[in-house]
Amino acid sequence: MSMKRVMIALLLSVIVPNMFAATLYTNEVNGIKWVYSLADGKVTLGGGSSSAPAIASNPSGKVEIPSFLGETPVVAIASYAFNGKTGIKDLTVPNSVTNIGNCAFQNCSGVTNIVIAKGTQYIGYGAFGGCASMESLTIPFVGTRRGNSGYEATFGYMFGNNSSQGSRQIRQTYGSGSYNYATYYIPSNLVSVVVTDETRIGYGAFFGCEDLRSVTIEDGVTAVDAHAFYFCTRLEDVSLPETLSSVGSYAFKGCKSLSSETLASFPSSLKTIGYAAFSGCETALGEIVIPEGMEVIGDYAFENCYNVTNVTISSTVTNIGQNAFLNCRSITSLTVPDNVLYIGSGAFGGCASMESLTIPFVGTRRGNSGYEATFGYMFGNNSSQGS
């Protein structure tokens with residue numbers, strides 16, 4: 001290629017992209033000069049790259065993104081729009097914003113709290129990556145959008161896989177296959193999450209988020225899927241919504257710091273607790289209350305809840321799974337209501353402190369015969385202290 005052709009190619013590489021770049025405007029609101037583009041009478045903050053931020057300066061303290069610039073609605077936040085705005089401490093995104101681009105708030109290392117309103121329909125990959133000081137986050141859904149599945153429905157997807165100071169490497173599982181996992185970096189200071197407008201908490205959504213202390217799930221969610229909070233070892237408080245109907249297998253397994261308030265305040269809408277859903281919630285004290293309306297207590301559902309002393313089972317429960325209360329070694333008495341039709345093998349195994357047990361039948365079900373009709377079948381064949 002001749003030198004002349006090389007020069008032309010270089011010039012075109014600079015000129016042509018700029019020919020199609022969006023025109024950027026500025027508008028000052030409450031002392032902040034906003035940079036934005038216009039399309040179809042709607043505002044997108046930022047120019048879509050770290051060199052075209054949404055704010056010309058680096059503001060400090062609390063920043064509220066405006067719903068309008070003049071009379072034009074703000075509907076989107078471009079990728080990298082707030083990248084590196086380290087002075088922001090508290091950030092609120094209004095209901096008018098429907099789309100938040102990739103890495104939109106990346107490296108806002110000073111922000112401690114972000115609130116995203118329910119109007120948002122999409123949040124891009126790594127939107128909150130590098131927000132090292134973040135302590136609380138309010139989001140309408142987990143992942144990119146409502147009702148999503150796969151890796152795009154995990155909490156880590158919202159932070160991305162770039163390592164940064166103050167973040168913890170988390171490997172999240174998002175499906176049952178051996179290769180269905182991804183590695184992300186989530187701020188270690190982040191302890192509180194509120195989910196305001198989701199329909200379900202997906203498979204492995206918060207898998208391994210061991211720094212979380214509190215999660216509030218507001219009404220609208222009908223299912224907490226399998227492995228959703230698996231081994232969130234420091235998680236103490238979970239507020240479950242009154243719309244919840246099922247808790248999936250292993251959903252809270254290994255949440256060893258979970259408080260007794262969670263186990264004593266299941267919503268009345270809950271129908272099913274899945275396999276090992278609360279297995280290993282070992283520090284929860286006091287009572288497990290199975291509410292009216294519940295039908296199925298899954299296998300190993302409350303295994304190794306060592307410090308639970310009392311269990312109340314509602315009259316609507318029909319099935320108690322195998323090893324459902326295995327090693328609940330502080331339970332002293334238990335009454336199984338007459339409506340129960342099935343009790344699995346070893347349901348009460350390892351309940352070393354049990355002094356009284358009221359049951360509607362002996363063995364697995366009424367009228368049974370053989371070894372499944374024996375009293376011992378209800379306790380299983382695992383040796384345990386006190387047995």
# chains A, B, ... in the order shown; residues from 1 in each chain; ligands from 1
>>> residues_around(residues="Ile88 (chain A)", least_positions_apart="2", cutoff="9 Å", atoms="only C-alpha atoms", output="PyMOL selection string")
chain A and resi 58-63+85-86+90-91+108-112
>>> residues_around(residues="Thr335 (chain A)", least_positions_apart="6", cutoff="7 Å", atoms="only C-alpha atoms", output="list in words")
Leu357, Thr358 and Ile359 of chain A
>>> residues_around(residues="Tyr174 (chain A)", least_positions_apart="4", cutoff="7 Å", atoms="only C-alpha atoms", output="MDAnalysis selection string")
chainID A and resid 150:151 154 180:181 203:204
>>> write_last_selection(atoms="C-alpha atoms", output="mmCIF file, in the first residue's frame")
data_model
loop_
_atom_site.group_PDB
_atom_site.id
_atom_site.type_symbol
_atom_site.label_atom_id
_atom_site.label_comp_id
_atom_site.auth_asym_id
_atom_site.auth_seq_id
_atom_site.Cartn_x
_atom_site.Cartn_y
_atom_site.Cartn_z
ATOM 1 C CA GLY A 150 -28.687 -17.536 33.307
ATOM 2 C CA TYR A 151 -25.593 -15.498 34.072
ATOM 3 C CA THR A 154 -26.896 -12.913 38.802
ATOM 4 C CA ASN A 180 -22.599 -22.766 34.498
ATOM 5 C CA TYR A 181 -20.595 -20.390 36.648
ATOM 6 C CA TYR A 203 -31.014 -19.546 40.179
ATOM 7 C CA GLY A 204 -27.844 -18.611 42.046
#
>>> residues_around(residues="Val336 (chain A)", least_positions_apart="4", cutoff="12 Å", atoms="only C-alpha atoms", output="PyMOL selection string")
chain A and resi 290+311-320+340-343+347-348+356-362
>>> write_last_selection(atoms="N, CA, C and O atoms", output="compact mmCIF listing (two decimals), in the first residue's frame")
# COMPACT_ATOMS: atom_id res chain seq x y z
N ILE A 290 -44.08 -22.82 60.40
CA ILE A 290 -44.57 -23.18 59.06
C ILE A 290 -46.00 -22.63 58.95
O ILE A 290 -46.89 -23.10 59.66
N VAL A 311 -40.68 -26.06 66.75
CA VAL A 311 -41.20 -26.05 65.38
C VAL A 311 -42.72 -26.10 65.44
O VAL A 311 -43.29 -26.97 66.10
N THR A 312 -43.36 -25.14 64.75
CA THR A 312 -44.82 -25.14 64.63
C THR A 312 -45.17 -25.45 63.19
O THR A 312 -44.79 -24.72 62.27
N ILE A 313 -45.89 -26.55 62.98
CA ILE A 313 -46.26 -26.99 61.64
C ILE A 313 -47.75 -26.76 61.46
O ILE A 313 -48.57 -27.24 62.25
N SER A 314 -48.12 -26.05 60.41
CA SER A 314 -49.53 -25.71 60.20
C SER A 314 -50.34 -26.92 59.73
O SER A 314 -49.80 -27.92 59.25
N SER A 315 -51.65 -26.79 59.85
CA SER A 315 -52.56 -27.90 59.52
C SER A 315 -52.66 -28.15 58.02
O SER A 315 -53.24 -29.16 57.60
N THR A 316 -52.14 -27.24 57.19
CA THR A 316 -52.23 -27.42 55.73
C THR A 316 -51.09 -28.26 55.16
O THR A 316 -51.13 -28.65 54.00
N VAL A 317 -50.07 -28.52 55.97
CA VAL A 317 -48.93 -29.31 55.49
C VAL A 317 -49.36 -30.76 55.28
O VAL A 317 -49.97 -31.37 56.16
N THR A 318 -49.04 -31.31 54.11
CA THR A 318 -49.38 -32.71 53.81
C THR A 318 -48.14 -33.59 53.70
O THR A 318 -48.24 -34.80 53.91
N ASN A 319 -47.00 -33.01 53.36
CA ASN A 319 -45.78 -33.81 53.18
C ASN A 319 -44.61 -33.23 53.97
O ASN A 319 -44.32 -32.03 53.87
N ILE A 320 -43.94 -34.08 54.73
CA ILE A 320 -42.71 -33.73 55.42
C ILE A 320 -41.62 -34.63 54.85
O ILE A 320 -41.71 -35.86 54.95
N VAL A 340 -51.21 -34.23 57.84
CA VAL A 340 -50.01 -34.74 57.19
C VAL A 340 -50.26 -36.16 56.69
O VAL A 340 -50.75 -37.02 57.43
N LEU A 341 -49.91 -36.40 55.42
CA LEU A 341 -50.12 -37.69 54.78
C LEU A 341 -48.84 -38.51 54.65
O LEU A 341 -48.91 -39.73 54.48
N TYR A 342 -47.70 -37.82 54.71
CA TYR A 342 -46.43 -38.52 54.47
C TYR A 342 -45.33 -37.90 55.32
O TYR A 342 -45.21 -36.67 55.40
N ILE A 343 -44.52 -38.74 55.95
CA ILE A 343 -43.34 -38.31 56.70
C ILE A 343 -42.16 -39.15 56.20
O ILE A 343 -42.19 -40.38 56.28
N ALA A 347 -36.88 -38.12 59.20
CA ALA A 347 -37.36 -36.74 59.31
C ALA A 347 -36.93 -36.08 60.61
O ALA A 347 -36.65 -34.88 60.65
N PHE A 348 -36.87 -36.89 61.70
CA PHE A 348 -36.52 -36.35 63.02
C PHE A 348 -35.19 -36.88 63.54
O PHE A 348 -34.89 -36.79 64.73
N SER A 356 -40.69 -35.00 73.61
CA SER A 356 -42.05 -35.43 73.27
C SER A 356 -42.30 -35.25 71.77
O SER A 356 -41.82 -34.28 71.16
N LEU A 357 -43.05 -36.19 71.21
CA LEU A 357 -43.38 -36.16 69.78
C LEU A 357 -44.81 -36.62 69.59
O LEU A 357 -45.19 -37.71 70.04
N THR A 358 -45.63 -35.78 68.96
CA THR A 358 -47.01 -36.13 68.66
C THR A 358 -47.13 -36.32 67.16
O THR A 358 -46.82 -35.41 66.39
N ILE A 359 -47.59 -37.50 66.73
CA ILE A 359 -47.64 -37.83 65.30
C ILE A 359 -48.99 -38.44 64.95
O ILE A 359 -49.63 -39.10 65.79
N PRO A 360 -49.45 -38.26 63.71
CA PRO A 360 -50.76 -38.81 63.32
C PRO A 360 -50.70 -40.30 62.99
O PRO A 360 -51.74 -40.96 62.92
N PHE A 361 -49.51 -40.85 62.77
CA PHE A 361 -49.33 -42.27 62.46
C PHE A 361 -47.87 -42.62 62.72
O PHE A 361 -47.03 -41.75 62.99
N VAL A 362 -47.55 -43.90 62.64
CA VAL A 362 -46.18 -44.38 62.84
C VAL A 362 -45.60 -44.78 61.48
O VAL A 362 -46.24 -45.52 60.72
>>> atom_distance(atom1="CA of Asn161 (chain A)", atom2="CA of Gln106 (chain A)")
11.7 Å
>>> residues_around(residues="Gly124 (chain A)", least_positions_apart="6", cutoff="8 Å", atoms="only C-alpha atoms", output="list in words")
Ser79, Ile100, Gly101, Asn102, Cys103, Ala104, Thr144 and Met158 of chain A
>>> atom_distance(atom1="CA of Arg171 (chain A)", atom2="CA of Thr98 (chain A)")
28.9 Å
>>> select_by_dssp(residues="region 228-346 of chain A", states="strand (DSSP E or B)", output="list in words")
Asp237, Val238, Ser239, Ser246, Val247, Thr272, Ile273, Gly286, Glu287, Ile288, Val289, Ile290, Val296, Ile297, Val308, Thr309, Asn310, Val311, Thr312, Ile313, Asn319, Ile320, Ser333, Leu334, Thr335, Tyr342 and Ile343 of chain A
>>> atom_distance(atom1="CA of Thr196 (chain A)", atom2="CA of Tyr125 (chain A)")
19.6 Å
>>> closest_residue(among="A:Met354, A:Gly177, A:Val215, A:Ser260", to="Ser387 (chain A)", atoms="only C-alpha atoms")
A:Met354
>>> residues_around(residues="Tyr377 (chain A)", least_positions_apart="5", cutoff="7 Å", atoms="only C-alpha atoms", output="ChimeraX atom specification")
/A:345-346,363,371-372
>>> write_last_selection(atoms="all heavy atoms", output="compact mmCIF listing (two decimals), in the first residue's frame")
# COMPACT_ATOMS: atom_id res chain seq x y z
N SER A 345 -38.28 -40.75 55.60
CA SER A 345 -37.30 -41.44 56.43
C SER A 345 -36.37 -40.45 57.12
O SER A 345 -35.90 -39.49 56.52
CB SER A 345 -36.48 -42.37 55.54
OG SER A 345 -35.36 -42.88 56.23
N GLY A 346 -36.14 -40.66 58.40
CA GLY A 346 -35.18 -39.85 59.15
C GLY A 346 -35.60 -38.41 59.34
O GLY A 346 -34.76 -37.56 59.64
N GLY A 363 -44.40 -44.31 61.19
CA GLY A 363 -43.78 -44.63 59.91
C GLY A 363 -44.04 -43.55 58.88
O GLY A 363 -44.18 -42.37 59.22
N TYR A 371 -40.90 -52.24 57.09
CA TYR A 371 -39.98 -51.36 57.82
C TYR A 371 -40.40 -49.91 57.77
O TYR A 371 -40.08 -49.11 58.66
CB TYR A 371 -38.55 -51.54 57.29
CG TYR A 371 -38.35 -51.07 55.86
CD1 TYR A 371 -37.90 -49.79 55.58
CD2 TYR A 371 -38.61 -51.93 54.79
CE1 TYR A 371 -37.71 -49.36 54.28
CE2 TYR A 371 -38.41 -51.51 53.49
CZ TYR A 371 -37.97 -50.23 53.22
OH TYR A 371 -37.78 -49.81 51.94
N GLU A 372 -41.17 -49.51 56.74
CA GLU A 372 -41.63 -48.13 56.64
C GLU A 372 -42.76 -47.82 57.61
O GLU A 372 -43.21 -46.67 57.68
CB GLU A 372 -42.06 -47.81 55.20
CG GLU A 372 -40.91 -47.74 54.21
CD GLU A 372 -41.34 -47.24 52.85
OE1 GLU A 372 -42.57 -47.14 52.63
OE2 GLU A 372 -40.46 -46.93 52.02
>>> residues_around(residues="Gly321 (chain A)", least_positions_apart="6", cutoff="10 Å", atoms="only C-alpha atoms", output="list in words")
Ile273, Gly274, Tyr275, Ala276, Val296, Ile297, Gly298, Asp299, Tyr300, Ala301, Tyr342, Ile343, Gly344, Ser345, Gly346, Ala347 and Thr364 of chain A
>>> closest_residue(among="A:Val194, A:Val224, A:Ile32, A:Ala56", to="Ser245 (chain A)", atoms="only C-alpha atoms")
A:Val224
>>> closest_residue(among="A:Pro94, A:Gly46, A:Pro267, A:Gly70", to="Glu28 (chain A)", atoms="only C-alpha atoms")
A:Gly70
>>> select_by_dssp(residues="region 198-325 of chain A", states="helix (DSSP H, G or I)", output="PyMOL selection string")
chain A and resi 260-263
>>> write_last_selection(atoms="N, CA and C atoms", output="CSV table (one decimal), in the first residue's frame")
chain,number,residue,atom,x,y,z
A,260,SER,N,-33.3,-15.9,63.6
A,260,SER,CA,-34.5,-16.6,63.9
A,260,SER,C,-35.7,-15.9,63.3
A,261,GLU,N,-35.7,-14.6,63.2
A,261,GLU,CA,-36.8,-13.8,62.7
A,261,GLU,C,-37.2,-14.3,61.3
A,262,THR,N,-36.3,-14.6,60.4
A,262,THR,CA,-36.6,-15.1,59.1
A,262,THR,C,-37.3,-16.4,59.2
A,263,LEU,N,-36.9,-17.4,60.0
A,263,LEU,CA,-37.5,-18.7,60.1
A,263,LEU,C,-38.8,-18.7,60.8
>>> decode(residues="region 115-128 of chain A", atoms="all heavy atoms", output="short mmCIF file (atom, residue, chain, number, x, y, z; two decimals), in the first residue's frame")
data_model
loop_
_atom_site.label_atom_id
_atom_site.label_comp_id
_atom_site.auth_asym_id
_atom_site.auth_seq_id
_atom_site.Cartn_x
_atom_site.Cartn_y
_atom_site.Cartn_z
N VAL A 115 -29.50 4.25 44.65
CA VAL A 115 -30.91 3.87 44.56
C VAL A 115 -31.35 3.98 43.10
O VAL A 115 -31.28 5.06 42.50
CB VAL A 115 -31.80 4.76 45.45
CG1 VAL A 115 -33.28 4.39 45.26
CG2 VAL A 115 -31.40 4.63 46.91
N ILE A 116 -31.80 2.86 42.53
CA ILE A 116 -32.33 2.82 41.17
C ILE A 116 -33.84 2.66 41.27
O ILE A 116 -34.32 1.70 41.88
CB ILE A 116 -31.73 1.65 40.36
CG1 ILE A 116 -30.21 1.60 40.48
CG2 ILE A 116 -32.18 1.73 38.91
CD1 ILE A 116 -29.48 2.75 39.85
N ALA A 117 -34.60 3.56 40.67
CA ALA A 117 -36.06 3.52 40.77
C ALA A 117 -36.65 2.38 39.94
O ALA A 117 -35.99 1.78 39.09
CB ALA A 117 -36.64 4.86 40.33
N LYS A 118 -37.92 2.11 40.16
CA LYS A 118 -38.60 0.98 39.53
C LYS A 118 -38.79 1.15 38.02
O LYS A 118 -39.03 0.17 37.31
CB LYS A 118 -39.98 0.77 40.17
CG LYS A 118 -39.93 0.30 41.61
CD LYS A 118 -41.34 0.09 42.15
CE LYS A 118 -41.31 -0.37 43.61
NZ LYS A 118 -42.67 -0.60 44.14
N GLY A 119 -38.68 2.36 37.52
CA GLY A 119 -38.88 2.59 36.09
C GLY A 119 -37.82 1.97 35.21
O GLY A 119 -38.03 1.78 34.00
N THR A 120 -36.67 1.65 35.77
CA THR A 120 -35.57 1.09 34.98
C THR A 120 -35.91 -0.31 34.48
O THR A 120 -36.36 -1.16 35.24
CB THR A 120 -34.27 1.06 35.82
OG1 THR A 120 -33.91 2.40 36.16
CG2 THR A 120 -33.14 0.42 35.03
N GLN A 121 -35.68 -0.52 33.17
CA GLN A 121 -35.98 -1.80 32.53
C GLN A 121 -34.73 -2.61 32.23
O GLN A 121 -34.81 -3.83 32.04
CB GLN A 121 -36.74 -1.55 31.21
CG GLN A 121 -38.00 -0.72 31.34
CD GLN A 121 -39.05 -1.39 32.20
OE1 GLN A 121 -39.29 -2.60 32.07
NE2 GLN A 121 -39.68 -0.63 33.07
N TYR A 122 -33.59 -1.95 32.17
CA TYR A 122 -32.35 -2.64 31.78
C TYR A 122 -31.17 -2.01 32.50
O TYR A 122 -31.05 -0.78 32.57
CB TYR A 122 -32.15 -2.55 30.27
CG TYR A 122 -30.83 -3.15 29.79
CD1 TYR A 122 -30.71 -4.50 29.54
CD2 TYR A 122 -29.71 -2.34 29.61
CE1 TYR A 122 -29.51 -5.05 29.12
CE2 TYR A 122 -28.50 -2.89 29.19
CZ TYR A 122 -28.41 -4.25 28.95
OH TYR A 122 -27.22 -4.79 28.55
N ILE A 123 -30.28 -2.86 33.04
CA ILE A 123 -29.04 -2.40 33.67
C ILE A 123 -27.90 -3.19 33.03
O ILE A 123 -27.88 -4.43 33.07
CB ILE A 123 -29.06 -2.62 35.19
CG1 ILE A 123 -30.20 -1.82 35.83
CG2 ILE A 123 -27.72 -2.20 35.81
CD1 ILE A 123 -30.38 -2.07 37.33
N GLY A 124 -26.95 -2.50 32.46
CA GLY A 124 -25.89 -3.13 31.70
C GLY A 124 -24.82 -3.81 32.56
O GLY A 124 -24.71 -3.60 33.77
N TYR A 125 -24.02 -4.60 31.87
CA TYR A 125 -22.95 -5.36 32.51
C TYR A 125 -21.97 -4.43 33.23
O TYR A 125 -21.57 -3.40 32.70
CB TYR A 125 -22.21 -6.17 31.46
CG TYR A 125 -21.02 -6.93 31.97
CD1 TYR A 125 -21.19 -8.09 32.72
CD2 TYR A 125 -19.72 -6.50 31.72
CE1 TYR A 125 -20.11 -8.80 33.19
CE2 TYR A 125 -18.63 -7.21 32.19
CZ TYR A 125 -18.82 -8.37 32.92
OH TYR A 125 -17.74 -9.05 33.40
N GLY A 126 -21.60 -4.80 34.46
CA GLY A 126 -20.59 -4.06 35.20
C GLY A 126 -20.98 -2.64 35.55
O GLY A 126 -20.12 -1.79 35.80
N ALA A 127 -22.29 -2.38 35.62
CA ALA A 127 -22.76 -1.00 35.88
C ALA A 127 -22.18 -0.43 37.16
O ALA A 127 -21.91 0.78 37.24
CB ALA A 127 -24.28 -0.97 35.93
N PHE A 128 -21.98 -1.28 38.19
CA PHE A 128 -21.51 -0.80 39.48
C PHE A 128 -20.09 -1.28 39.81
O PHE A 128 -19.66 -1.24 40.95
CB PHE A 128 -22.46 -1.27 40.58
CG PHE A 128 -23.92 -1.00 40.29
CD1 PHE A 128 -24.81 -2.04 40.10
CD2 PHE A 128 -24.38 0.30 40.17
CE1 PHE A 128 -26.14 -1.80 39.81
CE2 PHE A 128 -25.71 0.57 39.89
CZ PHE A 128 -26.59 -0.49 39.70
#
